[in-house]
2 protein chains.
Amino acid sequence: MLKTSTNGFASDVIDGERLLHRLRELAHIGATGDGGVTRLAYSDDDIRARSLVAEWLAEAGVKSRVDPAGNLIAHVVGRGDSRGALATGSHLDTVVRGGRFDGAYGVVASLEAMVHIVESKTPLWHDLVLVVFSNEEGANGTPGMVGSQVLCGFPVDVDQVDRAGVPLWKRIEDVGGDATALSEAVWAEDSIAAFVEAHIEQGPVLETERADIGVVTSITGRSNLDIRITGEQQHAGTTPMTDRCDALVIAARVIGEVSTLAREGVVRVATTGHITCSPNVWNVIPGLVNLTVDLRDEDDNRIAEATSRIHCLANELSTTTGASIDVRQGPQVPAVPMDHQLADCVSIAADQLALPSLHMPSGAGHDAQLIARIAPTTMIFVPSIGGVSHTPQEDSHDHHLVAGANVLLRSLRLMDQRVGGGDS
Amino acid sequence: MLKTSTNGFASDVIDGERLLHRLRELAHIGATGDGGVTRLAYSDDDIRARSLVAEWLAEAGVKSRVDPAGNLIAHVVGRGDSRGALATGSHLDTVVRGGRFDGAYGVVASLEAMVHIVESKTPLWHDLVLVVFSNEEGANGTPGMVGSQVLCGFPVDVDQVDRAGVPLWKRIEDVGGDATALSEAVWAEDSIAAFVEAHIEQGPVLETERADIGVVTSITGRSNLDIRITGEQQHAGTTPMTDRCDALVIAARVIGEVSTLAREGVVRVATTGHITCSPNVWNVIPGLVNLTVDLRDEDDNRIAEATSRIHCLANELSTTTGASIDVRQGPQVPAVPMDHQLADCVSIAADQLALPSLHMPSGAGHDAQLIARIAPTTMIFVPSIGGVSHTPQEDSHDHHLVAGANVLLRSLRLMDQRVGGGDS
């Protein structure tokens, strides 16, 4: 079944049909019936999907193991005496009613690249590591990116209990990990010379710009603000307009201004995604509104500027309306630049394959943003149809999925030549 | 205990201490513990409160009965040969965590006026009817004003099942009514020569204007609009601002414009009290928002004008944003003018008692708006501290409560002289 060419650079491509077939096989595990997948981390379906990937690796003669954090890891020894391995991978878990490709695409692309390299009889100089990160999406209210956090040596509270009442250490055990030995999972300094993650874009930029490949230059910084507006709950029929302190009318000003901030270019994107209104009854003037604002940019200073403007707006609205407006800093994730040299490899790989590419930030978070803290890192994006993700409608064209895996393979070859410890 | 003067007009006043005492006694029935009352229509507490009022009437020698609709009715025969009775009353049921005075005040004021008239030995020429309307507030999701609807001969669906799963006919039976005989409860044509309801204002106008008595000139018309905004649910991190169709940002425009409509004087008050947002997650651009808009005015044409402007706004926003915006007409209640002659009686009564009064609309709905369809009707308002109502914080000053009851008593005397069928 496997027929890969070993006779030259031009035919150094992955088995596209098998990649697509394997993506379809994975999509059956946790299928929602309408094209989507629900495959929560640590669930039986997650375990089945991971086992299937381990089987595919074994078919190619590659052994894999589960590390103490629950990551599935395969290691292929290189022919050189490199100081660190090249690593690639993504995750297999999904959100509730997510798509077929978010995570799974990067895993299968990495798998096909690794299998191709193994079977091509032209191994890399560097060792090659494939990693299936455990719990990227944050199943059952856990914080997510658990596996990559452990690999980076960041602390993880394994005693935290998820929405289903199960502690994280138990979840990690369920997938073959050992929460008492997490320190053994940490990637040693200099053990990774480069990490590259292939992923669907989850946005509309590549499709809009008619590019086949996104060369990711940075992973967006993110800052959440929790805004609490306390007005006065009053009777909607009896309270004159001049006597009102309507929390929802004030919230509407905030929502509009948050959007305007980004439209005017202060910050890349700004979104009010969550609102609650109390008492939320048609005949009562709202007394209390809570909003959650999400600010994202590749420059943390711009996020700080937008945050400062929102504080100013809150002060101004508080003064003019008499409402109490509390702007509280929520979770923050700093922007993470990708490694220039690795991004160049991706860019060159796309050029060599005659695939139009675009340098772009990643607007979503990925395990790569953590790995970037300990090793040179980049990402490869392929277009998402309509830009949609985290829904059963998530989709990508076959030729883009195959192209992305080939760019990954060729990028690994280029990195193998260029990054420290190789033969160059 | 009862000491009322019978020797002249100047001392024709109700027993203020007893009025306040009885209000306090009623406030114990269904007390929330923080000053409020939960006394849902048809509940055991509602039944207890009604029984207590019936006892107080009986103590004064006045018999009462429950009509087939569940209204508690007392009838005192006048000394004349009038064509119709003077009627007064309000309701005893409350919303969940409502106040002590909304409804109960009008009942006790009417009771004290009736008892005073009976005990003063100067009965009215007209018959005098006291009515405790059943289910004004709409307990457990029922439409409310059930008792007054039946009295007016308007249809009521007694098979409707409330939120607790109980049909209305059963609820009516629980308080001593008989849903199979509702037609017997209907007030015959010309049987009521005048109806007057005393009530707390439930708004801040009297307090702001430093008036003790509100002479109600009309009960506001009301129109609800249900607005459904369908944008595009997308990823908050990966979707550029220019590619968004954010339902919540569009909703914010609508909320702001609805408020502006009223502030600019197109309609008296306009409120967006209810909002739902989907999926309502911090990192997802809202795809769907539902709003409920409440428009109120004493002129139905002004409500129609405001409604038309909201339709225009929706069309404009739909064109500029690409969102689908559906504006659907919800429940409508036409504005109801109060009877001029009766309102004059209230105004004169306040003047005679040297109480500053103000002509004003009722911004809230009352049973009086239904009774006004079959009989000359007016209302008397007393100030609400801070304008608040439908909360445990609802409050009114003792002297205002007593003053309002005296204005009611004197208004009844004036109506007795002035309206058709009396001795004038």
# chains A, B, ... in the order shown; residues from 1 in each chain; ligands from 1
call {"tool": "residues_around", "arguments": {"residues": "B:Ser148", "least_positions_apart": "5", "cutoff": "8 Å", "atoms": "only C-alpha atoms", "output": "list of chain:residue names"}}
result
B:Phe133, B:Ser134, B:Glu136, B:Asp367, B:Leu370, B:Ile371
call {"tool": "interface_residues", "arguments": {"of": "chain B", "to": "chain A", "cutoff": "6 Å", "atoms": "only C-alpha atoms", "output": "ChimeraX atom specification"}}
result
/B:203,237-239,249,252,256,273-274,280-282,284-286,292,363-364
call {"tool": "residues_around", "arguments": {"residues": "A:Asp416", "least_positions_apart": "2", "cutoff": "7 Å", "atoms": "only C-alpha atoms", "output": "list in words"}}
result
Leu124, Trp125, His126, Leu412, Arg413, Leu414, Arg418, Val419 and Gly422 of chain A
call {"tool": "residues_around", "arguments": {"residues": "stretch 11-16 of chain A", "least_positions_apart": "3", "cutoff": "12 Å", "atoms": "only C-alpha atoms", "output": "ChimeraX atom specification"}}
result
/A:1-8,19-23,108-122,349,352-353,398-413
call {"tool": "write_last_selection", "arguments": {"atoms": "C-alpha atoms", "output": "compact mmCIF listing (two decimals), in the first residue's frame"}}
result
# COMPACT_ATOMS: atom_id res chain seq x y z
CA MET A 1 0.00 0.00 0.00
CA LEU A 2 2.80 2.39 0.89
CA LYS A 3 4.62 3.63 -2.18
CA THR A 4 6.94 6.53 -1.57
CA SER A 5 9.76 7.54 -3.84
CA THR A 6 13.28 7.57 -2.46
CA ASN A 7 15.00 8.63 -5.63
CA GLY A 8 15.32 12.40 -5.37
CA LEU A 19 -3.07 11.10 4.92
CA LEU A 20 -6.64 11.83 3.83
CA HIS A 21 -7.74 8.28 4.57
CA ARG A 22 -6.26 8.44 8.08
CA LEU A 23 -7.92 11.79 8.76
CA VAL A 108 -1.51 12.98 10.94
CA ALA A 109 0.67 15.36 8.91
CA SER A 110 3.49 14.80 11.41
CA LEU A 111 2.88 11.07 11.36
CA GLU A 112 2.98 10.92 7.55
CA ALA A 113 6.13 13.04 7.49
CA MET A 114 7.80 10.79 10.07
CA VAL A 115 6.72 7.57 8.37
CA HIS A 116 7.85 8.93 5.02
CA ILE A 117 11.24 9.82 6.42
CA VAL A 118 11.60 6.40 8.03
CA GLU A 119 10.50 4.54 4.94
CA SER A 120 12.40 6.74 2.49
CA LYS A 121 15.67 5.33 3.82
CA THR A 122 16.98 8.86 4.00
CA ALA A 349 9.58 24.75 1.46
CA GLN A 352 9.96 24.91 -3.63
CA LEU A 353 6.56 23.23 -3.88
CA ASP A 398 -7.95 17.88 0.41
CA HIS A 399 -5.26 19.50 -1.71
CA HIS A 400 -4.50 21.97 1.07
CA LEU A 401 -4.23 19.21 3.66
CA VAL A 402 -1.81 17.27 1.45
CA ALA A 403 0.15 20.40 0.54
CA GLY A 404 0.56 21.35 4.20
CA ALA A 405 1.94 17.92 5.08
CA ASN A 406 4.41 18.14 2.22
CA VAL A 407 5.50 21.59 3.38
CA LEU A 408 5.98 20.09 6.85
CA LEU A 409 8.08 17.24 5.44
CA ARG A 410 10.21 19.57 3.34
CA SER A 411 10.54 22.03 6.22
CA LEU A 412 11.87 19.23 8.42
CA ARG A 413 14.42 18.38 5.72
call {"tool": "select_by_dssp", "arguments": {"residues": "stretch 279-401 of chain B", "states": "alpha helix (DSSP H)", "output": "ChimeraX atom specification"}}
result
/B:300-321,340-352,368-371,398-401
call {"tool": "residues_around", "arguments": {"residues": "A:Arg50", "least_positions_apart": "6", "cutoff": "12 Å", "atoms": "only C-alpha atoms", "output": "ChimeraX atom specification"}}
result
/A:26,29,39,41-44,56-57,64-66,70-74,90-93,104,107-108,111,131-135,175-176
call {"tool": "write_last_selection", "arguments": {"atoms": "N, CA, C and O atoms", "output": "tab-separated table (two decimals), in the first residue's frame"}}
result
chain	number	residue	atom	x	y	z
A	26	LEU	N	-9.79	8.83	11.69
A	26	LEU	CA	-9.82	9.50	13.00
A	26	LEU	C	-11.15	10.22	13.22
A	26	LEU	O	-11.66	10.25	14.34
A	29	ILE	N	-13.92	8.58	15.08
A	29	ILE	CA	-13.81	8.36	16.54
A	29	ILE	C	-14.34	9.59	17.27
A	29	ILE	O	-13.69	10.64	17.32
A	39	ARG	N	-14.38	14.74	20.93
A	39	ARG	CA	-13.37	13.79	21.42
A	39	ARG	C	-12.59	14.49	22.52
A	39	ARG	O	-11.48	14.99	22.33
A	41	ALA	N	-10.41	15.37	25.69
A	41	ALA	CA	-9.18	14.80	26.23
A	41	ALA	C	-9.50	13.82	27.35
A	41	ALA	O	-10.41	14.06	28.15
A	42	TYR	N	-8.77	12.73	27.39
A	42	TYR	CA	-8.86	11.70	28.43
A	42	TYR	C	-10.09	10.80	28.28
A	42	TYR	O	-10.28	9.88	29.06
A	43	SER	N	-10.95	11.09	27.31
A	43	SER	CA	-12.14	10.26	27.13
A	43	SER	C	-11.75	8.95	26.44
A	43	SER	O	-10.65	8.80	25.91
A	44	ASP	N	-12.69	8.00	26.42
A	44	ASP	CA	-12.45	6.73	25.73
A	44	ASP	C	-12.12	6.98	24.26
A	44	ASP	O	-11.27	6.30	23.69
A	56	TRP	N	-0.56	3.00	13.79
A	56	TRP	CA	-0.03	3.44	12.49
A	56	TRP	C	1.49	3.60	12.56
A	56	TRP	O	2.21	3.25	11.63
A	57	LEU	N	1.96	4.13	13.67
A	57	LEU	CA	3.41	4.26	13.86
A	57	LEU	C	4.06	2.87	13.89
A	57	LEU	O	5.09	2.63	13.24
A	64	SER	N	6.17	3.86	20.01
A	64	SER	CA	5.76	5.08	20.71
A	64	SER	C	5.52	4.73	22.17
A	64	SER	O	5.39	3.57	22.53
A	65	ARG	N	5.46	5.76	22.98
A	65	ARG	CA	5.22	5.54	24.41
A	65	ARG	C	4.38	6.71	24.92
A	65	ARG	O	4.30	7.76	24.27
A	66	VAL	N	3.77	6.51	26.07
A	66	VAL	CA	3.04	7.60	26.73
A	66	VAL	C	3.94	8.12	27.83
A	66	VAL	O	4.42	7.35	28.66
A	70	GLY	N	1.06	12.10	29.93
A	70	GLY	CA	-0.01	11.61	29.06
A	70	GLY	C	0.21	11.95	27.60
A	70	GLY	O	-0.64	11.65	26.76
A	71	ASN	N	1.33	12.57	27.27
A	71	ASN	CA	1.63	12.81	25.86
A	71	ASN	C	2.04	11.50	25.20
A	71	ASN	O	2.75	10.69	25.81
A	72	LEU	N	1.61	11.32	23.94
A	72	LEU	CA	2.06	10.16	23.17
A	72	LEU	C	3.29	10.60	22.39
A	72	LEU	O	3.24	11.60	21.65
A	73	ILE	N	4.39	9.87	22.55
A	73	ILE	CA	5.66	10.32	21.98
A	73	ILE	C	6.33	9.20	21.19
A	73	ILE	O	6.40	8.06	21.66
A	74	ALA	N	6.76	9.56	19.97
A	74	ALA	CA	7.54	8.62	19.16
A	74	ALA	C	8.89	9.26	18.85
A	74	ALA	O	8.96	10.47	18.62
A	90	SER	N	0.96	17.65	17.18
A	90	SER	CA	-0.17	18.50	17.55
A	90	SER	C	-1.02	17.69	18.54
A	90	SER	O	-0.46	16.89	19.29
A	91	HIS	N	-2.32	17.86	18.53
A	91	HIS	CA	-3.15	17.17	19.53
A	91	HIS	C	-4.30	16.43	18.85
A	91	HIS	O	-4.67	16.75	17.72
A	92	LEU	N	-4.88	15.47	19.54
A	92	LEU	CA	-6.00	14.69	19.00
A	92	LEU	C	-7.32	15.01	19.69
A	92	LEU	O	-8.39	14.61	19.23
A	93	ASP	N	-7.27	15.71	20.80
A	93	ASP	CA	-8.51	16.00	21.52
A	93	ASP	C	-9.23	17.17	20.84
A	93	ASP	O	-8.61	17.99	20.15
A	104	ALA	N	-6.06	17.12	14.95
A	104	ALA	CA	-5.84	15.84	14.27
A	104	ALA	C	-5.02	16.04	12.99
A	104	ALA	O	-4.18	15.20	12.64
A	107	VAL	N	-1.36	16.16	13.76
A	107	VAL	CA	-0.86	14.86	14.18
A	107	VAL	C	-0.63	13.95	12.97
A	107	VAL	O	0.43	13.34	12.82
A	108	VAL	N	-1.63	13.89	12.09
A	108	VAL	CA	-1.51	12.98	10.94
A	108	VAL	C	-0.46	13.48	9.96
A	108	VAL	O	0.30	12.70	9.38
A	111	LEU	N	2.75	12.51	11.48
A	111	LEU	CA	2.88	11.07	11.36
A	111	LEU	C	3.32	10.69	9.94
A	111	LEU	O	4.26	9.90	9.76
A	131	VAL	N	5.10	14.22	18.66
A	131	VAL	CA	4.40	14.33	19.94
A	131	VAL	C	2.91	14.57	19.69
A	131	VAL	O	2.53	15.41	18.87
A	132	VAL	N	2.09	13.76	20.36
A	132	VAL	CA	0.65	14.02	20.41
A	132	VAL	C	0.39	14.61	21.80
A	132	VAL	O	0.41	13.90	22.80
A	133	PHE	N	0.23	15.95	21.82
A	133	PHE	CA	0.07	16.63	23.11
A	133	PHE	C	-1.23	16.19	23.77
A	133	PHE	O	-2.27	16.05	23.12
A	134	SER	N	-1.18	16.04	25.07
A	134	SER	CA	-2.36	15.64	25.83
A	134	SER	C	-3.17	16.86	26.26
A	134	SER	O	-2.59	17.85	26.72
A	135	ASN	N	-4.47	16.78	26.08
A	135	ASN	CA	-5.41	17.81	26.57
A	135	ASN	C	-5.02	19.23	26.17
A	135	ASN	O	-4.74	20.07	27.02
A	175	VAL	N	-5.01	7.85	30.70
A	175	VAL	CA	-4.41	7.73	29.35
A	175	VAL	C	-3.01	7.13	29.41
A	175	VAL	O	-2.27	7.17	28.42
A	176	GLY	N	-2.66	6.60	30.57
A	176	GLY	CA	-1.37	5.91	30.66
A	176	GLY	C	-0.25	6.75	31.24
A	176	GLY	O	0.92	6.32	31.23
call {"tool": "atom_distance", "arguments": {"atom1": "atom CA of A:Ile219", "atom2": "atom CA of A:Val186"}}
result
22.2 Å
call {"tool": "residues_around", "arguments": {"residues": "stretch 321-327 of chain A", "least_positions_apart": "5", "cutoff": "6 Å", "atoms": "only C-alpha atoms", "output": "list in words"}}
result
Asp226, Ile227, Arg228, Ile229, Thr230, Gly231 and Ala314 of chain A
call {"tool": "atom_distance", "arguments": {"atom1": "atom CA of B:Asp299", "atom2": "atom CA of B:Phe195"}}
result
22.2 Å
call {"tool": "closest_residue", "arguments": {"among": "B:Glu316, B:Arg97, B:Ala343, B:Leu52", "to": "B:Gly35", "atoms": "only C-alpha atoms"}}
result
B:Arg97
call {"tool": "decode", "arguments": {"residues": "stretch 362-382 of chain B", "atoms": "N, CA and C atoms", "output": "mmCIF file, in the first residue's frame"}}
result
data_model
loop_
_atom_site.group_PDB
_atom_site.id
_atom_site.type_symbol
_atom_site.label_atom_id
_atom_site.label_comp_id
_atom_site.auth_asym_id
_atom_site.auth_seq_id
_atom_site.Cartn_x
_atom_site.Cartn_y
_atom_site.Cartn_z
ATOM 1 N N SER B 362 -49.680 56.823 34.460
ATOM 2 C CA SER B 362 -49.148 55.635 35.106
ATOM 3 C C SER B 362 -48.265 54.910 34.099
ATOM 4 N N GLY B 363 -47.003 54.743 34.467
ATOM 5 C CA GLY B 363 -46.082 54.047 33.568
ATOM 6 C C GLY B 363 -46.174 52.544 33.694
ATOM 7 N N ALA B 364 -46.781 52.072 34.764
ATOM 8 C CA ALA B 364 -46.964 50.638 34.973
ATOM 9 C C ALA B 364 -48.398 50.263 34.614
ATOM 10 N N GLY B 365 -48.633 48.995 34.411
ATOM 11 C CA GLY B 365 -49.977 48.509 34.157
ATOM 12 C C GLY B 365 -50.701 48.221 35.465
ATOM 13 N N HIS B 366 -52.023 48.357 35.454
ATOM 14 C CA HIS B 366 -52.842 48.103 36.646
ATOM 15 C C HIS B 366 -54.179 47.520 36.215
ATOM 16 N N ASP B 367 -54.861 46.842 37.150
ATOM 17 C CA ASP B 367 -56.213 46.359 36.868
ATOM 18 C C ASP B 367 -57.102 47.486 36.367
ATOM 19 N N ALA B 368 -56.831 48.723 36.848
ATOM 20 C CA ALA B 368 -57.654 49.873 36.458
ATOM 21 C C ALA B 368 -57.693 50.070 34.943
ATOM 22 N N GLN B 369 -56.634 49.632 34.245
ATOM 23 C CA GLN B 369 -56.628 49.851 32.793
ATOM 24 C C GLN B 369 -57.649 48.972 32.090
ATOM 25 N N LEU B 370 -57.976 47.847 32.721
ATOM 26 C CA LEU B 370 -59.030 46.998 32.162
ATOM 27 C C LEU B 370 -60.409 47.535 32.561
ATOM 28 N N ILE B 371 -60.551 47.863 33.858
ATOM 29 C CA ILE B 371 -61.848 48.367 34.323
ATOM 30 C C ILE B 371 -62.231 49.631 33.536
ATOM 31 N N ALA B 372 -61.228 50.415 33.124
ATOM 32 C CA ALA B 372 -61.490 51.652 32.373
ATOM 33 C C ALA B 372 -62.219 51.383 31.056
ATOM 34 N N ARG B 373 -62.154 50.138 30.579
ATOM 35 C CA ARG B 373 -62.831 49.821 29.321
ATOM 36 C C ARG B 373 -64.342 49.687 29.513
ATOM 37 N N ILE B 374 -64.770 49.470 30.765
ATOM 38 C CA ILE B 374 -66.211 49.263 30.985
ATOM 39 C C ILE B 374 -66.820 50.300 31.916
ATOM 40 N N ALA B 375 -65.980 51.124 32.566
ATOM 41 C CA ALA B 375 -66.527 52.100 33.523
ATOM 42 C C ALA B 375 -65.578 53.286 33.637
ATOM 43 N N PRO B 376 -66.106 54.478 33.970
ATOM 44 C CA PRO B 376 -65.224 55.619 34.227
ATOM 45 C C PRO B 376 -64.252 55.240 35.346
ATOM 46 N N THR B 377 -62.990 55.539 35.121
ATOM 47 C CA THR B 377 -61.945 55.042 36.030
ATOM 48 C C THR B 377 -60.872 56.102 36.254
ATOM 49 N N THR B 378 -60.303 56.115 37.454
ATOM 50 C CA THR B 378 -59.090 56.890 37.671
ATOM 51 C C THR B 378 -58.238 56.185 38.721
ATOM 52 N N MET B 379 -57.059 56.730 38.943
ATOM 53 C CA MET B 379 -56.163 56.169 39.949
ATOM 54 C C MET B 379 -55.561 57.289 40.790
ATOM 55 N N ILE B 380 -55.166 56.926 42.005
ATOM 56 C CA ILE B 380 -54.497 57.843 42.929
ATOM 57 C C ILE B 380 -53.136 57.243 43.253
ATOM 58 N N PHE B 381 -52.086 58.011 43.031
ATOM 59 C CA PHE B 381 -50.733 57.518 43.352
ATOM 60 C C PHE B 381 -50.199 58.206 44.601
ATOM 61 N N VAL B 382 -49.446 57.419 45.384
ATOM 62 C CA VAL B 382 -48.645 58.022 46.458
ATOM 63 C C VAL B 382 -47.178 57.738 46.152
#
